[in-house]
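Asks: Contents are compact mmCIF, N, CA and C atoms and all ligand atoms; file name final12.txt:
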```txt
# COMPACT_ATOMS: atom_id res chain seq x y z
N MET A 1 -28.82 12.64 256.84
CA MET A 1 -29.68 11.69 256.13
C MET A 1 -30.53 12.43 255.11
N GLN A 2 -30.66 11.84 253.97
CA GLN A 2 -31.43 12.46 252.89
C GLN A 2 -32.93 12.27 253.11
N PRO A 3 -33.65 13.37 253.24
CA PRO A 3 -35.10 13.20 253.38
C PRO A 3 -35.74 12.73 252.08
N GLU A 4 -36.91 12.14 252.19
CA GLU A 4 -37.63 11.69 251.00
C GLU A 4 -38.87 12.56 250.81
N TYR A 5 -39.23 12.72 249.54
CA TYR A 5 -40.43 13.51 249.25
C TYR A 5 -41.34 12.70 248.35
N LYS A 6 -41.81 11.62 248.87
CA LYS A 6 -42.62 10.73 248.04
C LYS A 6 -44.12 10.88 248.27
N THR A 7 -44.49 11.06 249.51
CA THR A 7 -45.92 11.18 249.79
C THR A 7 -46.36 12.63 249.69
N GLU A 8 -47.65 12.84 249.55
CA GLU A 8 -48.19 14.19 249.48
C GLU A 8 -47.79 14.97 250.74
N GLU A 9 -47.82 14.27 251.85
CA GLU A 9 -47.52 14.91 253.11
C GLU A 9 -46.06 15.37 253.16
N GLN A 10 -45.17 14.52 252.69
CA GLN A 10 -43.75 14.88 252.66
C GLN A 10 -43.52 16.08 251.74
N LYS A 11 -44.21 16.05 250.61
CA LYS A 11 -44.04 17.15 249.66
C LYS A 11 -44.58 18.44 250.23
N ARG A 12 -45.74 18.35 250.87
CA ARG A 12 -46.33 19.54 251.46
C ARG A 12 -45.39 20.12 252.51
N ALA A 13 -44.83 19.25 253.31
CA ALA A 13 -43.92 19.71 254.36
C ALA A 13 -42.72 20.42 253.73
N PHE A 14 -42.24 19.87 252.63
CA PHE A 14 -41.11 20.50 251.94
C PHE A 14 -41.49 21.89 251.43
N TYR A 15 -42.61 21.95 250.74
CA TYR A 15 -43.01 23.24 250.15
C TYR A 15 -43.37 24.28 251.20
N ASN A 16 -43.67 23.83 252.39
CA ASN A 16 -43.97 24.77 253.47
C ASN A 16 -42.75 25.15 254.28
N SER A 17 -41.63 24.50 253.99
CA SER A 17 -40.44 24.75 254.80
C SER A 17 -39.84 26.13 254.52
N THR A 18 -39.20 26.65 255.52
CA THR A 18 -38.55 27.95 255.37
C THR A 18 -37.43 27.86 254.34
N ALA A 19 -36.71 26.73 254.34
CA ALA A 19 -35.61 26.56 253.39
C ALA A 19 -36.12 26.71 251.96
N TRP A 20 -37.26 26.08 251.67
CA TRP A 20 -37.82 26.17 250.32
C TRP A 20 -38.32 27.57 250.02
N ARG A 21 -39.05 28.16 250.97
CA ARG A 21 -39.59 29.50 250.75
C ARG A 21 -38.49 30.50 250.43
N ASN A 22 -37.39 30.40 251.15
CA ASN A 22 -36.26 31.29 250.89
C ASN A 22 -35.64 31.01 249.53
N LYS A 23 -35.47 29.74 249.25
CA LYS A 23 -34.86 29.34 247.97
C LYS A 23 -35.72 29.79 246.81
N ARG A 24 -37.01 29.63 246.97
CA ARG A 24 -37.96 30.00 245.93
C ARG A 24 -37.83 31.50 245.59
N GLU A 25 -37.72 32.30 246.63
CA GLU A 25 -37.55 33.74 246.43
C GLU A 25 -36.24 34.03 245.70
N ASP A 26 -35.20 33.32 246.10
CA ASP A 26 -33.89 33.50 245.45
C ASP A 26 -33.98 33.21 243.96
N ILE A 27 -34.66 32.13 243.62
CA ILE A 27 -34.73 31.72 242.22
C ILE A 27 -35.58 32.70 241.41
N LEU A 28 -36.68 33.13 242.00
CA LEU A 28 -37.52 34.13 241.31
C LEU A 28 -36.71 35.38 241.01
N GLU A 29 -35.93 35.77 241.97
CA GLU A 29 -35.11 36.96 241.81
C GLU A 29 -34.01 36.72 240.76
N ARG A 30 -33.38 35.54 240.85
CA ARG A 30 -32.32 35.19 239.91
C ARG A 30 -32.83 35.25 238.47
N ASP A 31 -34.04 34.74 238.26
CA ASP A 31 -34.60 34.66 236.91
C ASP A 31 -35.46 35.87 236.56
N ASN A 32 -35.30 36.94 237.32
CA ASN A 32 -36.02 38.19 237.06
C ASN A 32 -37.53 38.05 237.02
N TYR A 33 -38.07 37.11 237.78
CA TYR A 33 -39.52 36.92 237.83
C TYR A 33 -40.09 36.72 236.43
N GLU A 34 -39.40 35.89 235.65
CA GLU A 34 -39.86 35.62 234.28
C GLU A 34 -39.95 34.13 234.04
N CYS A 35 -41.01 33.72 233.35
CA CYS A 35 -41.16 32.32 232.99
C CYS A 35 -40.10 31.93 231.96
N ALA A 36 -39.36 30.85 232.23
CA ALA A 36 -38.28 30.42 231.35
C ALA A 36 -38.80 29.96 230.00
N TRP A 37 -39.95 29.31 229.99
CA TRP A 37 -40.48 28.78 228.73
C TRP A 37 -41.09 29.87 227.86
N CYS A 38 -41.77 30.80 228.49
CA CYS A 38 -42.33 31.92 227.73
C CYS A 38 -41.17 32.70 227.10
N LYS A 39 -40.11 32.84 227.87
CA LYS A 39 -38.94 33.56 227.40
C LYS A 39 -38.36 32.87 226.18
N LYS A 40 -38.32 31.54 226.22
CA LYS A 40 -37.79 30.77 225.10
C LYS A 40 -38.64 30.98 223.86
N ASP A 41 -39.92 31.18 224.07
CA ASP A 41 -40.83 31.44 222.94
C ASP A 41 -40.79 32.89 222.50
N GLY A 42 -39.93 33.66 223.12
CA GLY A 42 -39.81 35.05 222.73
C GLY A 42 -40.77 35.97 223.45
N GLY A 43 -41.45 35.46 224.45
CA GLY A 43 -42.39 36.29 225.19
C GLY A 43 -41.87 36.59 226.57
N VAL A 44 -42.50 37.53 227.19
CA VAL A 44 -42.12 37.85 228.56
C VAL A 44 -43.35 37.67 229.45
N THR A 45 -43.25 36.75 230.36
CA THR A 45 -44.33 36.57 231.31
C THR A 45 -43.77 36.79 232.70
N THR A 46 -44.24 37.82 233.32
CA THR A 46 -43.77 38.15 234.66
C THR A 46 -44.92 38.01 235.65
N LYS A 47 -44.63 38.34 236.86
CA LYS A 47 -45.67 38.19 237.88
C LYS A 47 -46.86 39.12 237.64
N ASP A 48 -46.69 40.08 236.75
CA ASP A 48 -47.82 40.94 236.42
C ASP A 48 -48.81 40.24 235.50
N HIS A 49 -48.34 39.22 234.78
CA HIS A 49 -49.21 38.55 233.82
C HIS A 49 -49.72 37.21 234.32
N ALA A 50 -49.00 36.59 235.20
CA ALA A 50 -49.35 35.22 235.57
C ALA A 50 -48.81 34.89 236.95
N ILE A 51 -49.28 33.78 237.45
CA ILE A 51 -48.73 33.28 238.70
C ILE A 51 -47.44 32.55 238.35
N LEU A 52 -46.37 32.91 239.01
CA LEU A 52 -45.09 32.28 238.72
C LEU A 52 -44.79 31.21 239.77
N GLU A 53 -44.23 30.13 239.29
CA GLU A 53 -43.88 29.05 240.19
C GLU A 53 -42.44 28.63 239.94
N VAL A 54 -41.82 28.08 240.95
CA VAL A 54 -40.46 27.59 240.78
C VAL A 54 -40.54 26.08 240.61
N ASP A 55 -39.97 25.63 239.51
CA ASP A 55 -40.10 24.24 239.09
C ASP A 55 -38.80 23.48 239.34
N HIS A 56 -38.93 22.24 239.75
CA HIS A 56 -37.77 21.35 239.85
C HIS A 56 -37.56 20.67 238.51
N ILE A 57 -36.43 20.91 237.87
CA ILE A 57 -36.17 20.32 236.56
C ILE A 57 -36.10 18.80 236.71
N PHE A 58 -35.31 18.34 237.66
CA PHE A 58 -35.34 16.93 238.04
C PHE A 58 -36.30 16.85 239.22
N GLU A 59 -37.34 16.12 239.05
CA GLU A 59 -38.44 16.20 240.00
C GLU A 59 -38.07 15.80 241.43
N LEU A 60 -38.66 16.56 242.30
CA LEU A 60 -38.44 16.42 243.73
C LEU A 60 -38.56 14.97 244.20
N GLU A 61 -39.60 14.35 243.74
CA GLU A 61 -39.89 12.99 244.18
C GLU A 61 -38.77 12.01 243.83
N HIS A 62 -38.19 12.20 242.66
CA HIS A 62 -37.19 11.24 242.19
C HIS A 62 -35.75 11.68 242.46
N TYR A 63 -35.57 12.97 242.66
CA TYR A 63 -34.23 13.49 242.91
C TYR A 63 -34.23 14.38 244.16
N PRO A 64 -34.50 13.78 245.31
CA PRO A 64 -34.60 14.59 246.54
C PRO A 64 -33.32 15.36 246.86
N LYS A 65 -32.20 14.85 246.39
CA LYS A 65 -30.93 15.54 246.65
C LYS A 65 -30.85 16.89 245.94
N LEU A 66 -31.64 17.03 244.88
CA LEU A 66 -31.60 18.27 244.11
C LEU A 66 -32.69 19.25 244.53
N ALA A 67 -33.33 18.97 245.65
CA ALA A 67 -34.47 19.77 246.10
C ALA A 67 -34.16 21.26 246.19
N LEU A 68 -32.95 21.58 246.63
CA LEU A 68 -32.62 22.99 246.86
C LEU A 68 -31.38 23.41 246.08
N VAL A 69 -31.12 22.72 244.98
CA VAL A 69 -29.94 23.04 244.16
C VAL A 69 -30.35 24.05 243.08
N ASP A 70 -29.67 25.18 243.07
CA ASP A 70 -30.03 26.26 242.14
C ASP A 70 -30.16 25.80 240.70
N GLU A 71 -29.20 24.99 240.25
CA GLU A 71 -29.18 24.57 238.85
C GLU A 71 -30.38 23.70 238.50
N ASN A 72 -31.02 23.16 239.51
CA ASN A 72 -32.18 22.31 239.25
C ASN A 72 -33.49 23.08 239.31
N LEU A 73 -33.40 24.37 239.48
CA LEU A 73 -34.62 25.15 239.67
C LEU A 73 -34.77 26.20 238.58
N ARG A 74 -36.01 26.42 238.19
CA ARG A 74 -36.27 27.45 237.18
C ARG A 74 -37.68 27.99 237.43
N VAL A 75 -37.90 29.16 236.89
CA VAL A 75 -39.20 29.80 237.06
C VAL A 75 -40.09 29.45 235.87
N LEU A 76 -41.28 29.02 236.16
CA LEU A 76 -42.27 28.78 235.12
C LEU A 76 -43.57 29.48 235.51
N CYS A 77 -44.30 29.94 234.51
CA CYS A 77 -45.61 30.49 234.81
C CYS A 77 -46.54 29.32 235.14
N ASN A 78 -47.61 29.65 235.76
CA ASN A 78 -48.57 28.65 236.17
C ASN A 78 -49.00 27.73 235.02
N MET A 79 -49.24 28.34 233.86
CA MET A 79 -49.67 27.55 232.71
C MET A 79 -48.60 26.54 232.29
N HIS A 80 -47.37 27.01 232.15
CA HIS A 80 -46.30 26.11 231.74
C HIS A 80 -45.98 25.08 232.80
N HIS A 81 -46.12 25.47 234.03
CA HIS A 81 -45.86 24.52 235.10
C HIS A 81 -46.87 23.38 235.07
N ASN A 82 -48.11 23.74 234.86
CA ASN A 82 -49.15 22.71 234.76
C ASN A 82 -48.93 21.84 233.54
N MET A 83 -48.53 22.48 232.46
CA MET A 83 -48.31 21.77 231.22
C MET A 83 -47.18 20.75 231.40
N ARG A 84 -46.16 21.19 232.04
CA ARG A 84 -45.00 20.34 232.25
C ARG A 84 -45.36 19.11 233.07
N HIS A 85 -46.18 19.30 234.07
CA HIS A 85 -46.54 18.17 234.91
C HIS A 85 -47.81 17.50 234.43
N LYS A 86 -48.28 17.95 233.26
CA LYS A 86 -49.46 17.36 232.64
C LYS A 86 -50.62 17.24 233.62
N ARG A 87 -50.85 18.33 234.34
CA ARG A 87 -51.92 18.29 235.31
C ARG A 87 -53.28 18.37 234.64
N PHE A 88 -53.28 18.89 233.45
CA PHE A 88 -54.50 18.79 232.67
C PHE A 88 -54.12 18.72 231.20
N GLN A 89 -55.03 18.25 230.42
CA GLN A 89 -54.76 18.07 229.00
C GLN A 89 -54.89 19.39 228.26
N PHE A 90 -53.94 19.61 227.41
CA PHE A 90 -54.01 20.81 226.60
C PHE A 90 -54.50 20.47 225.21
N ALA A 91 -55.43 21.23 224.75
CA ALA A 91 -55.83 21.08 223.37
C ALA A 91 -54.74 21.73 222.53
N VAL A 92 -54.28 21.03 221.54
CA VAL A 92 -53.25 21.59 220.68
C VAL A 92 -53.90 22.58 219.72
N ARG A 93 -53.52 23.80 219.89
CA ARG A 93 -54.09 24.82 219.03
C ARG A 93 -53.03 25.30 218.07
N LYS A 94 -53.31 25.11 216.82
CA LYS A 94 -52.34 25.55 215.83
C LYS A 94 -52.48 27.04 215.62
N LYS A 95 -51.34 27.67 215.50
CA LYS A 95 -51.36 29.09 215.22
C LYS A 95 -51.89 29.30 213.80
N SER A 96 -52.79 30.23 213.70
CA SER A 96 -53.30 30.48 212.35
C SER A 96 -52.20 31.19 211.57
N LYS A 97 -51.85 30.59 210.48
CA LYS A 97 -50.77 31.15 209.67
C LYS A 97 -51.35 32.11 208.65
N TRP A 98 -50.61 33.12 208.42
CA TRP A 98 -51.06 34.08 207.43
C TRP A 98 -50.76 33.51 206.05
N ASP A 99 -51.81 33.13 205.38
CA ASP A 99 -51.63 32.56 204.05
C ASP A 99 -52.00 33.58 202.98
N ASP A 100 -51.06 33.79 202.14
CA ASP A 100 -51.37 34.63 200.97
C ASP A 100 -52.19 33.82 200.01
N GLU A 101 -53.27 34.37 199.63
CA GLU A 101 -54.07 33.64 198.64
C GLU A 101 -53.60 34.02 197.26
N ARG A 102 -53.15 33.02 196.55
CA ARG A 102 -52.67 33.26 195.20
C ARG A 102 -53.49 32.47 194.21
N TRP A 103 -53.75 33.07 193.12
CA TRP A 103 -54.56 32.39 192.09
C TRP A 103 -53.68 31.91 190.98
ZN ZN L 201 -44.74 30.44 230.64
```
Spit out the file's structure as structure tokens when you get a sec.

Replies:
Amino acid sequence: MQPEYKTEEQKRAFYNSTAWRNKREDILERDNYECAWCKKDGGVTTKDHAILEVDHIFELEHYPKLALVDENLRVLCNMHHNMRHKRFQFAVRKKSKWDDERW
């Protein structure tokens, strides 16, 4: 029977399970302890720079069958993980561009 992860309690139980803890370690190792999004931006964020978390691409709550499927898991740094789940609002900061001043 497929378990459900809809309530906070169900989710907590999942994240505390040995199956998840082991899987989480596997994924961290698979992805070389690097945030996938930072990597895409050309940066390297490893466990030395940030807290790394393993993210469900298709969310646990809606896709319980994919809870422990490798292809559905990726490493994100704490910042990107929060951003992805919109746990807090990010102020959009534009990168200051180097403008040549021409007359
Ligand atoms: Zn990141």

Asks: Taking all atoms listed in the file and a cut-off of 6 Å, can you tell me which residues surround ligand ZN 201 (chain L), written as a list in words?

Replies: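 Taking all atoms listed in the file into account, the residues around ligand ZN 201 (chain L) at most 6 Å away are Cys35, Ala36, Trp37, Cys38, Lys39, Leu76, Cys77, Asn78, Met79 and His80 of chain A.
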
Asks: To one decimal place in Å, what is the distance between atom CA of A:Arg84 and atom N of A:His56?

Replies: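 We find that atom CA of A:Arg84 and atom N of A:His56 lie 9.8 Å from each other.
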
Asks: Need the shell around A:Asp31: protein/DNA/RNA residues with any atom at most 9 Å away, counting only C-alpha atoms. Skip same-chain ones fewer than 5 positions apart. Format as a list in words?

Replies: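 Counting only C-alpha atoms, the residues come to Asp26, Ala36, Arg74 and Val75 of chain A.
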
Asks: Generate the output file for the selected residues, N, CA and C atoms, as a tab-separated table (two decimals), in the coordinates of the input.

Replies:
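Wrote it out as part_20.tsv, contents follow:
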```tsv
chain	number	residue	atom	x	y	z
A	26	ASP	N	-35.20	33.32	246.10
A	26	ASP	CA	-33.89	33.50	245.45
A	26	ASP	C	-33.98	33.21	243.96
A	36	ALA	N	-39.36	30.85	232.23
A	36	ALA	CA	-38.28	30.42	231.35
A	36	ALA	C	-38.80	29.96	230.00
A	74	ARG	N	-36.01	26.42	238.19
A	74	ARG	CA	-36.27	27.45	237.18
A	74	ARG	C	-37.68	27.99	237.43
A	75	VAL	N	-37.90	29.16	236.89
A	75	VAL	CA	-39.20	29.80	237.06
A	75	VAL	C	-40.09	29.45	235.87
```

Asks: Between A:His81, A:Asp48, A:Pro64, A:Arg30, which has the minimum distance to A:Gln10 (counting only C-alpha atoms)?

Replies: A:Pro64

Asks: Rounded to one decimal place, report the atom C of A:Phe14-atom N of A:Leu68 distance in Å.

Replies: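 Here the two named atoms are 9.8 Å from each other.
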
Asks: Let's see if you can do this: from backbone DSSP, list all helix (DSSP H, G or I) residues in chain A, as a PyMOL selection string.

Replies: chain A and resi 8-16+18-30+36-40+64-66+70-72+78-84

Asks: Name the residues of stretch 23-72 of chain A that fall into strand (DSSP E or B) according to DSSP on the backbone, using the chain letters and numbers of this document, as a list in words.

Replies: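 So, restricting stretch 23-72 of chain A to strand (DSSP E or B), we get Glu34, Thr46, Leu52, Glu53, Val54, Asp55 and His56 of chain A.
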
Asks: Could you check which of A:Arg24, A:Lys86, A:Lys6, A:Lys40 is closest to A:Glu53, using only N, CA and C atoms?

Replies: A:Arg24

Asks: Could you tell me how far atom CA of A:Glu29 sits from atom C of A:Leu52, in Å to one decimal place?

Replies: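 Separation between atom C of A:Leu52 and atom CA of A:Glu29: 11.4 Å.
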
Asks: Which one is closest to A:Glu25: A:His49, A:Val54, A:Ala67, A:Pro3? Count all atoms listed in the file.

Replies: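 Comparing A:His49, A:Val54, A:Ala67, A:Pro3 against A:Glu25, the winner is A:Val54.
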
Asks: Residues within 10 Å of A:Glu71, please, as a list of chain:residue names. Count only C-alpha atoms; anything in the same chain fewer than 4 positions from it doesn't count.

Replies: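 Once the nearby chain positions are removed, what remains is A:Ile27, A:His56, A:Ile57, A:Phe58, A:Leu66.
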